[in-house]
>>> print(open('target_22.csv').read())   # CSV, C-alpha atoms (C1' of nucleotides)
chain,number,residue,atom,x,y,z
P,248,MET,CA,-1.4,5.6,17.8
P,249,PRO,CA,-0.6,3.4,14.9
P,250,GLU,CA,2.8,4.2,13.4
P,251,LEU,CA,4.8,2.0,11.1
P,252,PRO,CA,5.3,-0.9,13.6
P,253,GLU,CA,1.6,-1.2,14.4
P,254,VAL,CA,0.7,-1.0,10.7
P,255,GLU,CA,3.2,-3.7,9.8
P,256,PHE,CA,1.8,-5.8,12.6
P,257,CYS,CA,-1.7,-5.3,11.2
P,258,ARG,CA,-0.5,-6.2,7.7
P,259,ARG,CA,1.0,-9.5,8.9
P,260,ALA,CA,-2.1,-10.3,10.9
P,261,LEU,CA,-4.5,-9.7,7.9
P,262,SER,CA,-2.2,-11.8,5.8
P,263,ARG,CA,-2.2,-14.7,8.3
P,264,TRP,CA,-5.9,-14.5,8.8
P,265,THR,CA,-6.8,-14.6,5.2
P,266,GLN,CA,-4.2,-17.0,3.9
P,267,GLY,CA,-6.1,-19.3,1.4
P,268,ARG,CA,-9.5,-17.9,2.4
P,269,THR,CA,-12.3,-16.3,0.6
P,270,ILE,CA,-14.4,-13.4,1.8
P,271,THR,CA,-18.0,-14.4,1.6
P,272,GLN,CA,-19.8,-11.4,3.0
P,273,VAL,CA,-18.9,-7.7,3.4
P,274,GLU,CA,-20.9,-6.0,6.2
P,275,ILE,CA,-20.7,-2.2,6.2
P,276,ALA,CA,-21.9,-1.0,9.6
P,277,ASP,CA,-20.7,2.6,9.2
P,278,PRO,CA,-20.3,3.7,5.5
P,279,ARG,CA,-18.3,6.8,6.5
P,280,VAL,CA,-15.1,4.7,6.6
P,281,VAL,CA,-15.4,3.6,3.0
P,282,ARG,CA,-14.1,6.4,0.9
P,283,ASP,CA,-13.8,7.3,-2.8
P,284,SER,CA,-10.2,8.1,-2.9
P,285,ARG,CA,-7.2,8.7,-0.8
P,286,THR,CA,-7.7,12.4,-0.9
P,287,ALA,CA,-11.3,12.3,0.3
P,288,ARG,CA,-11.9,13.8,3.7
P,289,PRO,CA,-12.0,11.3,6.5
P,290,SER,CA,-15.5,10.2,7.4
P,291,ALA,CA,-16.8,11.2,3.9
P,292,GLY,CA,-17.9,7.8,2.8
P,293,SER,CA,-19.9,7.2,-0.4
P,294,ALA,CA,-22.4,4.7,-1.6
P,295,LEU,CA,-20.4,4.1,-4.7
P,296,ALA,CA,-17.3,3.3,-2.7
P,297,ALA,CA,-19.3,0.9,-0.6
P,298,GLU,CA,-20.5,-0.9,-3.7
P,299,CYS,CA,-17.0,-1.1,-5.0
P,300,LEU,CA,-15.8,-2.5,-1.7
P,301,ARG,CA,-18.4,-5.3,-1.9
P,302,HIS,CA,-17.3,-6.1,-5.4
P,303,VAL,CA,-13.5,-6.1,-4.7
P,304,ALA,CA,-13.3,-7.8,-1.3
P,305,ARG,CA,-13.6,-11.4,-2.4
P,306,HIS,CA,-10.4,-13.3,-3.2
P,307,PRO,CA,-7.3,-11.9,-1.5
P,308,ILE,CA,-3.9,-12.2,-3.1
P,309,GLY,CA,-1.5,-10.3,-0.8
P,310,LEU,CA,-0.8,-7.3,1.3
P,311,ASP,CA,1.9,-4.6,0.8
P,312,ARG,CA,2.9,-1.8,3.1
P,313,VAL,CA,4.6,1.6,2.6
P,314,GLY,CA,4.9,3.8,5.7
P,315,LYS,CA,1.6,3.7,7.4
P,316,ARG,CA,-0.4,2.6,4.3
P,317,ILE,CA,-1.5,-0.9,3.4
P,318,LEU,CA,-2.4,-2.0,-0.1
P,319,TRP,CA,-4.5,-5.2,0.0
P,320,ARG,CA,-4.6,-6.8,-3.4
P,321,PHE,CA,-7.5,-8.9,-4.6
P,322,GLU,CA,-8.4,-10.6,-7.8
P,323,ALA,CA,-10.9,-7.9,-8.7
P,324,GLY,CA,-9.0,-4.9,-7.4
P,325,SER,CA,-7.3,-3.5,-4.4
P,326,LEU,CA,-8.1,-1.9,-1.0
P,327,LEU,CA,-6.1,1.0,0.3
P,328,LEU,CA,-6.2,0.7,4.1
P,329,HIS,CA,-5.2,3.4,6.6
P,330,LEU,CA,-5.6,3.2,10.4
P,331,GLY,CA,-5.6,6.9,11.0
P,332,MET,CA,-5.3,7.4,14.7
P,333,THR,CA,-7.6,4.8,16.3
P,334,GLY,CA,-8.2,2.4,13.4
P,335,ARG,CA,-7.5,-1.3,14.0
P,336,TRP,CA,-8.4,-4.7,12.5
P,337,THR,CA,-9.3,-7.6,14.8
P,338,ARG,CA,-10.5,-11.1,14.4
P,339,GLY,CA,-13.4,-12.7,16.2
P,340,PRO,CA,-16.6,-11.3,17.8
P,341,SER,CA,-16.5,-7.6,18.4
P,342,ALA,CA,-18.7,-4.6,19.3
P,343,PHE,CA,-19.0,-1.3,17.5
P,344,PRO,CA,-17.7,-2.4,14.1
P,345,LYS,CA,-17.3,-0.1,11.1
P,346,VAL,CA,-16.8,-2.9,8.6
P,347,ARG,CA,-17.0,-6.7,9.0
P,348,LEU,CA,-15.5,-9.2,6.6
P,349,HIS,CA,-16.9,-12.7,6.9
P,350,LEU,CA,-14.6,-15.5,5.7
P,351,ASP,CA,-15.5,-18.9,4.3
P,352,SER,CA,-13.8,-20.4,7.4
P,353,GLY,CA,-16.4,-18.8,9.6
P,354,ASP,CA,-14.0,-16.2,11.0
P,355,VAL,CA,-15.0,-12.6,11.0
P,356,LEU,CA,-12.5,-9.7,10.6
P,357,THR,CA,-13.5,-6.4,11.9
P,358,PHE,CA,-12.4,-2.8,11.3
P,359,HIS,CA,-12.8,-0.5,14.2
P,360,ASP,CA,-12.2,3.2,14.1
P,361,PRO,CA,-14.1,5.3,16.7
P,362,ARG,CA,-12.6,8.6,15.6
P,363,LEU,CA,-13.1,7.9,11.9
P,364,LEU,CA,-9.7,9.2,10.9
P,365,GLY,CA,-8.7,6.0,9.1
P,366,GLY,CA,-10.6,4.2,6.4
P,367,ILE,CA,-10.8,1.9,3.4
P,368,VAL,CA,-10.5,3.1,-0.2
P,369,PRO,CA,-11.5,0.5,-2.8
P,370,PHE,CA,-10.1,0.4,-6.3
P,371,GLU,CA,-11.1,-1.8,-9.2
P,372,ASP,CA,-8.1,-0.6,-11.2
P,373,GLY,CA,-4.9,-2.0,-9.7
P,374,ARG,CA,-2.8,0.6,-11.4
P,375,ALA,CA,-4.8,3.5,-9.9
P,376,ALA,CA,-4.7,1.7,-6.5
P,377,HIS,CA,-0.9,1.5,-6.7
P,378,ALA,CA,-0.5,5.1,-7.7
P,379,ALA,CA,-2.6,6.2,-4.7
P,380,PHE,CA,-0.8,3.8,-2.5
P,381,THR,CA,2.6,5.4,-3.1
P,382,ALA,CA,1.6,9.0,-3.9
P,383,ASP,CA,3.4,11.6,-1.9
P,384,LEU,CA,5.3,9.2,0.2
P,385,GLY,CA,9.1,9.1,0.9
P,386,PRO,CA,11.0,5.8,1.2
P,387,ASP,CA,9.8,3.4,3.9
P,388,ALA,CA,11.4,4.1,7.2
P,389,LEU,CA,12.0,0.4,8.0
P,390,LEU,CA,13.0,-1.0,4.6
P,391,ALA,CA,15.0,1.9,3.0
P,392,SER,CA,17.9,4.0,4.2
P,393,LEU,CA,17.1,7.3,5.8
P,394,PRO,CA,17.2,10.1,3.2
P,395,ARG,CA,19.4,13.2,3.8
P,396,LEU,CA,17.4,15.6,6.0
P,397,THR,CA,17.3,19.1,4.6
P,398,GLY,CA,15.8,22.5,5.4
P,399,LYS,CA,15.5,24.7,8.5
P,400,ARG,CA,12.7,22.8,10.1
P,401,ALA,CA,13.3,21.0,13.4
P,402,VAL,CA,14.6,17.5,12.9
P,403,LYS,CA,11.7,15.8,14.7
P,404,LEU,CA,9.2,17.5,12.4
P,405,VAL,CA,11.1,16.5,9.3
P,406,LEU,CA,11.2,12.9,10.5
P,407,MET,CA,7.5,13.0,10.9
P,408,ASP,CA,7.0,14.4,7.3
P,409,GLN,CA,5.7,11.4,5.4
P,410,THR,CA,6.9,12.9,2.1
P,411,VAL,CA,10.5,12.8,3.4
P,412,VAL,CA,10.4,9.3,5.1
P,413,ALA,CA,7.3,7.2,5.5
P,414,GLY,CA,6.2,5.6,8.7
P,415,LEU,CA,7.4,7.7,11.6
P,416,GLY,CA,4.9,9.5,13.9
P,417,ASN,CA,5.4,11.5,17.1
P,418,VAL,CA,6.4,8.7,19.3
P,419,GLN,CA,8.7,6.8,16.9
P,420,ALA,CA,10.5,10.0,15.8
P,421,MET,CA,11.0,11.2,19.4
P,422,GLU,CA,12.3,7.9,20.7
P,423,ALA,CA,14.7,7.5,17.7
P,424,LEU,CA,16.2,10.9,18.3
P,425,TRP,CA,16.7,10.0,21.9
P,426,ARG,CA,18.5,6.8,20.9
P,427,ALA,CA,20.7,8.8,18.5
P,428,GLY,CA,21.4,11.5,21.1
P,429,ILE,CA,20.1,14.3,18.9
P,430,HIS,CA,17.9,17.1,20.3
P,431,PRO,CA,14.5,17.2,18.6
P,432,LEU,CA,14.8,21.0,18.1
P,433,ARG,CA,18.0,20.7,16.0
P,434,GLN,CA,17.6,22.2,12.5
P,435,ALA,CA,17.5,19.3,10.0
P,436,ASP,CA,20.3,20.7,7.9
P,437,SER,CA,22.6,21.0,11.0
P,438,ILE,CA,22.7,17.2,11.3
P,439,ASP,CA,26.3,16.2,10.2
P,440,ALA,CA,27.3,12.9,8.4
P,441,VAL,CA,28.2,11.1,11.6
P,442,GLU,CA,25.0,12.1,13.3
P,443,HIS,CA,23.0,11.1,10.2
P,444,VAL,CA,24.5,7.6,10.4
P,445,ARG,CA,23.6,7.4,14.1
P,446,LEU,CA,20.1,8.6,13.4
P,447,SER,CA,19.5,6.3,10.5
P,448,ASP,CA,20.6,3.4,12.7
P,449,ALA,CA,18.5,4.6,15.7
P,450,VAL,CA,15.4,4.8,13.5
P,451,LYS,CA,15.8,1.2,12.4
P,452,ARG,CA,16.5,-0.1,15.9
P,453,GLN,CA,13.5,1.9,17.2
P,454,LEU,CA,11.1,0.5,14.6
P,455,LEU,CA,12.3,-3.1,15.0
P,456,GLY,CA,12.3,-2.8,18.7
P,457,THR,CA,8.6,-1.7,18.8
P,458,LEU,CA,7.7,-4.3,16.2
P,459,THR,CA,9.3,-7.0,18.4
P,460,MET,CA,7.5,-5.6,21.4
P,461,LEU,CA,4.1,-6.0,19.6
P,462,GLY,CA,4.9,-9.7,19.5
P,463,GLU,CA,3.4,-12.5,17.4
P,464,GLY,CA,-0.1,-12.6,18.8
P,465,ASP,CA,-3.2,-11.3,17.2
P,466,GLU,CA,-3.8,-8.4,19.6
P,467,VAL,CA,-2.2,-5.0,19.2
P,468,VAL,CA,-1.8,-3.2,22.5
P,469,TYR,CA,-2.0,0.6,21.9
P,470,VAL,CA,-0.3,2.9,24.3
P,471,GLU,CA,-3.4,5.0,24.9
P,472,GLU,CA,-5.6,2.1,25.9
P,473,ARG,CA,-6.7,2.3,29.5
P,474,GLY,CA,-4.9,-0.1,31.7
P,475,ALA,CA,-2.2,-0.8,29.1
P,476,PRO,CA,1.3,-0.1,30.5
P,477,ASN,CA,3.3,2.5,28.7
P,478,PRO,CA,6.1,0.5,26.9
P,479,PHE,CA,8.2,3.5,25.9
P,480,PRO,CA,11.1,4.8,27.9
P,481,LEU,CA,10.5,8.5,27.0
P,482,TYR,CA,6.9,9.0,26.0
P,483,GLN,CA,4.8,10.5,28.8
P,484,ARG,CA,7.6,10.1,31.4
P,485,ALA,CA,8.5,13.7,32.3
P,486,GLY,CA,10.4,13.8,35.6
P,487,GLU,CA,11.4,10.2,35.5
P,488,ARG,CA,15.1,9.2,35.4
P,489,CYS,CA,16.4,8.6,31.9
P,490,PRO,CA,17.2,4.9,31.6
P,491,GLN,CA,19.7,5.4,28.8
P,492,CYS,CA,22.3,7.7,30.5
P,493,ALA,CA,22.0,6.3,34.0
P,494,PRO,CA,24.5,3.6,33.2
P,495,ALA,CA,26.9,6.3,32.1
P,496,GLY,CA,26.8,7.7,35.6
P,497,ARG,CA,24.4,10.5,34.9
P,498,THR,CA,21.1,10.9,36.5
P,499,SER,CA,19.2,13.1,34.1
P,500,LEU,CA,15.5,13.6,34.4
P,501,ILE,CA,13.3,13.4,31.3
P,502,GLN,CA,12.0,16.8,30.1
P,503,HIS,CA,8.9,17.7,28.2
P,504,PHE,CA,7.8,20.6,25.9
P,505,ARG,CA,5.3,21.3,23.2
P,506,GLN,CA,6.5,21.1,19.6
P,507,GLY,CA,4.3,21.8,16.6
P,508,GLY,CA,1.3,21.3,18.8
P,509,ARG,CA,2.4,17.9,20.1
P,510,GLY,CA,4.2,16.7,23.1
P,511,THR,CA,8.0,16.1,22.9
P,512,TRP,CA,9.9,14.3,25.6
P,513,TRP,CA,13.7,14.3,25.7
P,514,CYS,CA,16.8,13.8,27.9
P,515,PRO,CA,19.3,16.6,28.5
P,516,GLY,CA,22.0,14.0,29.4
P,517,CYS,CA,21.6,12.1,26.2
P,518,GLN,CA,20.5,14.8,23.8
P,519,GLY,CA,22.3,17.9,25.1
P,520,GLU,CA,20.8,21.3,25.7
P,521,PRO,CA,18.4,22.9,23.1
P,522,PRO,CA,20.2,24.5,20.2
P,523,ARG,CA,20.7,28.2,20.6
P,524,VAL,CA,18.6,29.1,17.6
P,525,ALA,CA,15.7,27.1,18.9
P,526,ALA,CA,12.9,29.0,17.3
P,527,ASP,CA,9.4,28.2,18.4
P,528,THR,CA,8.9,26.7,15.0
P,529,GLY,CA,10.6,23.8,16.6
Q,800,DA,C1',-18.8,22.6,33.4
Q,801,DC,C1',-15.7,23.3,30.1
Q,802,DA,C1',-11.3,24.0,28.0
Q,803,DG,C1',-7.6,21.5,26.3
Q,804,DA,C1',-4.7,17.5,25.0
Q,805,DT,C1',-4.4,13.6,22.2
Q,806,DG,C1',-2.3,12.2,16.7
Q,807,DT,C1',-2.6,11.6,11.6
Q,808,DT,C1',-3.8,13.2,7.0
Q,809,DG,C1',-4.8,16.6,3.9
Q,810,DA,C1',-6.6,21.3,2.7
Q,811,DT,C1',-5.6,25.9,3.1
Q,812,DG,C1',-2.9,30.0,4.3
Q,813,DT,C1',1.5,32.7,4.3
K,1395,DT,C1',8.8,26.4,-3.0
K,1396,DA,C1',8.8,25.7,1.8
K,1397,DC,C1',6.7,25.9,5.8
K,1398,DA,C1',2.8,26.7,9.3
K,1399,DT,C1',-1.9,26.1,10.7
K,1400,DC,C1',-6.3,24.2,10.9
K,1401,DA,C1',-10.2,20.8,10.3
K,1402,DA,C1',-11.9,16.2,10.8
K,1403,DC,C1',-12.8,13.0,14.9
K,1404,DA,C1',-14.0,11.0,20.1
K,1405,DT,C1',-12.4,10.4,24.6
K,1406,DC,C1',-10.2,11.5,28.6
K,1407,DT,C1',-8.0,14.9,32.0
K,1408,DG,C1',-7.4,19.1,34.7
>>> encode(input="target_22.csv", output="structure tokens")
Amino acid sequence: MPELPEVEFCRRALSRWTQGRTITQVEIADPRVVRDSRTARPSAGSALAAECLRHVARHPIGLDRVGKRILWRFEAGSLLLHLGMTGRWTRGPSAFPKVRLHLDSGDVLTFHDPRLLGGIVPFEDGRAAHAAFTADLGPDALLASLPRLTGKRAVKLVLMDQTVVAGLGNVQAMEALWRAGIHPLRQADSIDAVEHVRLSDAVKRQLLGTLTMLGEGDEVVYVEERGAPNPFPLYQRAGERCPQCAPAGRTSLIQHFRQGGRGTWWCPGCQGEPPRVAADTG
DNA sequence: ACAGATGTTGATGT
DNA sequence: TACATCAACATCTG
């Protein structure tokens, strides 16, 4: 599940692969991933957008990232990239492509997205591209300081709200709360100043830790890929001993519940008992 | 066989 | 305004 670290990894990879290169051919194998605007429904591609993509994707200038979005700037316009849930960019021969970019070096860059929740949105107007790029996004979770968290919603859901802070998904939010020792069901506005500093620090360490784990290679290993080991200490580890509080002499077991339709794992030793007013809105 | 879980964005509903 | 829920997807698990 691409969250901020995977997206940043992808941005760096695309930048490295296309440094000083020209795209000589754009091959659109599945036009559903080429969309008219950021607000278009996923998998609602258009012929017009495909034509625009072919026009824009020639001479790359640079890649920016905010949260989980990438803005790829070209001489003739920009591409807004989103990985959705299963989107990924790779280099080299590949099966089941959605889009292939052929480089003047002979390399081929491929966009894969079996579930079609990601996509490519081409813009000829750089200004419009930048507006769509940053629209409805809070400050970047890695580069900016964590904004004050307000409202009655559960703190994990607020961390995952891209308009509050951009880049955190289910796993990164959950692991950061665990590092900070804050229960995921705590109401956002119950987080005091000391806890906020702790959480802000935990978010940064969590994101940098995952980014480091992804390494320097070209291949991103996603958690849900078959055969890939689960690199996270909490995620999908219900019943296992918590590695964080064991050194403190405790032997807590990792717990699991459903929150907002998604799985949440947590440690009672590190994060305490659920708050008393733990509504099911949690 | 079939229901449900998976996770992100954005539209729609309260 | 603030918050909740569902649709769009494909693949795997119980």
>>> interface_residues(input="target_22.csv", of="chain P", to="chain K", cutoff="7 Å", atoms="only C-alpha atoms (C1' of nucleotides)", output="ChimeraX atom specification")
/P:289,361-364
>>> interface_residues(input="target_22.csv", of="chain P", to="chain Q", cutoff="12 Å", atoms="all atoms listed in the file", output="ChimeraX atom specification")
/P:248-250,285-289,315-316,329-334,362-366,383,407-410,414-418,470-471,483,505,507-510
>>> write_last_selection(input="target_22.csv", atoms="C-alpha atoms", output="tab-separated table (two decimals), in the frame of the given file")
chain	number	residue	atom	x	y	z
P	248	MET	CA	-1.40	5.60	17.80
P	249	PRO	CA	-0.60	3.40	14.90
P	250	GLU	CA	2.80	4.20	13.40
P	285	ARG	CA	-7.20	8.70	-0.80
P	286	THR	CA	-7.70	12.40	-0.90
P	287	ALA	CA	-11.30	12.30	0.30
P	288	ARG	CA	-11.90	13.80	3.70
P	289	PRO	CA	-12.00	11.30	6.50
P	315	LYS	CA	1.60	3.70	7.40
P	316	ARG	CA	-0.40	2.60	4.30
P	329	HIS	CA	-5.20	3.40	6.60
P	330	LEU	CA	-5.60	3.20	10.40
P	331	GLY	CA	-5.60	6.90	11.00
P	332	MET	CA	-5.30	7.40	14.70
P	333	THR	CA	-7.60	4.80	16.30
P	334	GLY	CA	-8.20	2.40	13.40
P	362	ARG	CA	-12.60	8.60	15.60
P	363	LEU	CA	-13.10	7.90	11.90
P	364	LEU	CA	-9.70	9.20	10.90
P	365	GLY	CA	-8.70	6.00	9.10
P	366	GLY	CA	-10.60	4.20	6.40
P	383	ASP	CA	3.40	11.60	-1.90
P	407	MET	CA	7.50	13.00	10.90
P	408	ASP	CA	7.00	14.40	7.30
P	409	GLN	CA	5.70	11.40	5.40
P	410	THR	CA	6.90	12.90	2.10
P	414	GLY	CA	6.20	5.60	8.70
P	415	LEU	CA	7.40	7.70	11.60
P	416	GLY	CA	4.90	9.50	13.90
P	417	ASN	CA	5.40	11.50	17.10
P	418	VAL	CA	6.40	8.70	19.30
P	470	VAL	CA	-0.30	2.90	24.30
P	471	GLU	CA	-3.40	5.00	24.90
P	483	GLN	CA	4.80	10.50	28.80
P	505	ARG	CA	5.30	21.30	23.20
P	507	GLY	CA	4.30	21.80	16.60
P	508	GLY	CA	1.30	21.30	18.80
P	509	ARG	CA	2.40	17.90	20.10
P	510	GLY	CA	4.20	16.70	23.10
>>> closest_residue(input="target_22.csv", among="P:Gln453, P:Ser447, P:Thr357, P:Thr271", to="P:Arg395", atoms="only C-alpha atoms")
P:Ser447
>>> atom_distance(input="target_22.csv", atom1="atom CA of P:Leu455", atom2="atom CA of P:Gly339")
27.5 Å
>>> atom_distance(input="target_22.csv", atom1="atom CA of P:Arg347", atom2="atom CA of P:Arg301")
11.1 Å
>>> closest_residue(input="target_22.csv", among="P:Ala382, P:Val412, P:Val368, P:Ala391", to="P:Arg279", atoms="only C-alpha atoms")
P:Val368
>>> atom_distance(input="target_22.csv", atom1="atom CA of P:Arg282", atom2="atom CA of P:Leu251")
21.9 Å
>>> decode(input="target_22.csv", residues="stretch 390-400 of chain P", atoms="all heavy atoms", output="PDB file, in the first residue's frame")
ATOM      1  N   LEU P 390       8.023  16.645   5.511  1.00  0.00           N
ATOM      2  CA  LEU P 390       8.795  17.880   5.375  1.00  0.00           C
ATOM      3  C   LEU P 390       8.316  19.005   6.291  1.00  0.00           C
ATOM      4  O   LEU P 390       9.091  19.902   6.610  1.00  0.00           O
ATOM      5  CB  LEU P 390       8.753  18.356   3.913  1.00  0.00           C
ATOM      6  CG  LEU P 390       9.245  17.315   2.901  1.00  0.00           C
ATOM      7  CD1 LEU P 390       9.070  17.827   1.477  1.00  0.00           C
ATOM      8  CD2 LEU P 390      10.701  16.946   3.179  1.00  0.00           C
ATOM      9  N   ALA P 391       7.053  18.963   6.706  1.00  0.00           N
ATOM     10  CA  ALA P 391       6.518  20.039   7.539  1.00  0.00           C
ATOM     11  C   ALA P 391       6.276  19.534   8.958  1.00  0.00           C
ATOM     12  O   ALA P 391       6.297  18.338   9.204  1.00  0.00           O
ATOM     13  CB  ALA P 391       5.224  20.567   6.930  1.00  0.00           C
ATOM     14  N   SER P 392       6.052  20.473   9.881  1.00  0.00           N
ATOM     15  CA  SER P 392       5.751  20.040  11.241  1.00  0.00           C
ATOM     16  C   SER P 392       4.283  19.616  11.320  1.00  0.00           C
ATOM     17  O   SER P 392       3.443  20.095  10.565  1.00  0.00           O
ATOM     18  CB  SER P 392       6.041  21.163  12.238  1.00  0.00           C
ATOM     19  OG  SER P 392       5.293  22.305  11.900  1.00  0.00           O
ATOM     20  N   LEU P 393       4.010  18.717  12.222  1.00  0.00           N
ATOM     21  CA  LEU P 393       2.645  18.174  12.354  1.00  0.00           C
ATOM     22  C   LEU P 393       1.690  19.256  12.844  1.00  0.00           C
ATOM     23  O   LEU P 393       1.926  19.867  13.881  1.00  0.00           O
ATOM     24  CB  LEU P 393       2.658  17.002  13.332  1.00  0.00           C
ATOM     25  CG  LEU P 393       1.348  16.240  13.493  1.00  0.00           C
ATOM     26  CD1 LEU P 393       1.035  15.444  12.229  1.00  0.00           C
ATOM     27  CD2 LEU P 393       1.395  15.322  14.705  1.00  0.00           C
ATOM     28  N   PRO P 394       0.614  19.516  12.103  1.00  0.00           N
ATOM     29  CA  PRO P 394      -0.340  20.539  12.543  1.00  0.00           C
ATOM     30  C   PRO P 394      -1.048  20.086  13.819  1.00  0.00           C
ATOM     31  O   PRO P 394      -1.081  18.905  14.138  1.00  0.00           O
ATOM     32  CB  PRO P 394      -1.347  20.622  11.395  1.00  0.00           C
ATOM     33  CG  PRO P 394      -0.808  19.809  10.289  1.00  0.00           C
ATOM     34  CD  PRO P 394       0.205  18.880  10.850  1.00  0.00           C
ATOM     35  N   ARG P 395      -1.618  21.070  14.528  1.00  0.00           N
ATOM     36  CA  ARG P 395      -2.406  20.737  15.713  1.00  0.00           C
ATOM     37  C   ARG P 395      -3.607  19.912  15.295  1.00  0.00           C
ATOM     38  O   ARG P 395      -4.238  20.190  14.270  1.00  0.00           O
ATOM     39  CB  ARG P 395      -2.881  22.033  16.395  1.00  0.00           C
ATOM     40  CG  ARG P 395      -3.280  21.868  17.837  1.00  0.00           C
ATOM     41  CD  ARG P 395      -3.392  23.239  18.494  1.00  0.00           C
ATOM     42  NE  ARG P 395      -4.438  24.058  17.867  1.00  0.00           N
ATOM     43  CZ  ARG P 395      -5.709  24.076  18.295  1.00  0.00           C
ATOM     44  NH1 ARG P 395      -6.071  23.343  19.328  1.00  0.00           N
ATOM     45  NH2 ARG P 395      -6.598  24.830  17.701  1.00  0.00           N
ATOM     46  N   LEU P 396      -3.891  18.877  16.036  1.00  0.00           N
ATOM     47  CA  LEU P 396      -4.986  17.974  15.683  1.00  0.00           C
ATOM     48  C   LEU P 396      -6.226  18.375  16.464  1.00  0.00           C
ATOM     49  O   LEU P 396      -6.211  18.437  17.686  1.00  0.00           O
ATOM     50  CB  LEU P 396      -4.601  16.520  15.981  1.00  0.00           C
ATOM     51  CG  LEU P 396      -3.303  16.055  15.300  1.00  0.00           C
ATOM     52  CD1 LEU P 396      -2.994  14.610  15.653  1.00  0.00           C
ATOM     53  CD2 LEU P 396      -3.365  16.237  13.794  1.00  0.00           C
ATOM     54  N   THR P 397      -7.300  18.657  15.740  1.00  0.00           N
ATOM     55  CA  THR P 397      -8.519  19.152  16.388  1.00  0.00           C
ATOM     56  C   THR P 397      -9.687  18.211  16.102  1.00  0.00           C
ATOM     57  O   THR P 397      -9.591  17.303  15.289  1.00  0.00           O
ATOM     58  CB  THR P 397      -8.880  20.550  15.853  1.00  0.00           C
ATOM     59  OG1 THR P 397      -9.120  20.453  14.444  1.00  0.00           O
ATOM     60  CG2 THR P 397      -7.753  21.539  16.090  1.00  0.00           C
ATOM     61  N   GLY P 398     -10.788  18.474  16.800  1.00  0.00           N
ATOM     62  CA  GLY P 398     -12.020  17.734  16.537  1.00  0.00           C
ATOM     63  C   GLY P 398     -12.177  16.519  17.427  1.00  0.00           C
ATOM     64  O   GLY P 398     -11.292  16.173  18.213  1.00  0.00           O
ATOM     65  N   LYS P 399     -13.330  15.907  17.299  1.00  0.00           N
ATOM     66  CA  LYS P 399     -13.673  14.779  18.168  1.00  0.00           C
ATOM     67  C   LYS P 399     -13.336  13.435  17.543  1.00  0.00           C
ATOM     68  O   LYS P 399     -13.513  12.395  18.158  1.00  0.00           O
ATOM     69  CB  LYS P 399     -15.184  14.812  18.477  1.00  0.00           C
ATOM     70  CG  LYS P 399     -15.655  16.085  19.164  1.00  0.00           C
ATOM     71  CD  LYS P 399     -15.039  16.205  20.534  1.00  0.00           C
ATOM     72  CE  LYS P 399     -15.522  17.471  21.236  1.00  0.00           C
ATOM     73  NZ  LYS P 399     -14.673  17.779  22.413  1.00  0.00           N
ATOM     74  N   ARG P 400     -12.865  13.468  16.312  1.00  0.00           N
ATOM     75  CA  ARG P 400     -12.574  12.193  15.664  1.00  0.00           C
ATOM     76  C   ARG P 400     -11.396  11.486  16.331  1.00  0.00           C
ATOM     77  O   ARG P 400     -10.549  12.117  16.956  1.00  0.00           O
ATOM     78  CB  ARG P 400     -12.236  12.425  14.177  1.00  0.00           C
ATOM     79  CG  ARG P 400     -13.458  12.655  13.318  1.00  0.00           C
ATOM     80  CD  ARG P 400     -13.087  12.648  11.853  1.00  0.00           C
ATOM     81  NE  ARG P 400     -12.170  13.751  11.522  1.00  0.00           N
ATOM     82  CZ  ARG P 400     -11.518  13.826  10.365  1.00  0.00           C
ATOM     83  NH1 ARG P 400     -11.669  12.888   9.470  1.00  0.00           N
ATOM     84  NH2 ARG P 400     -10.729  14.850  10.115  1.00  0.00           N
TER      85      ARG P 400
END
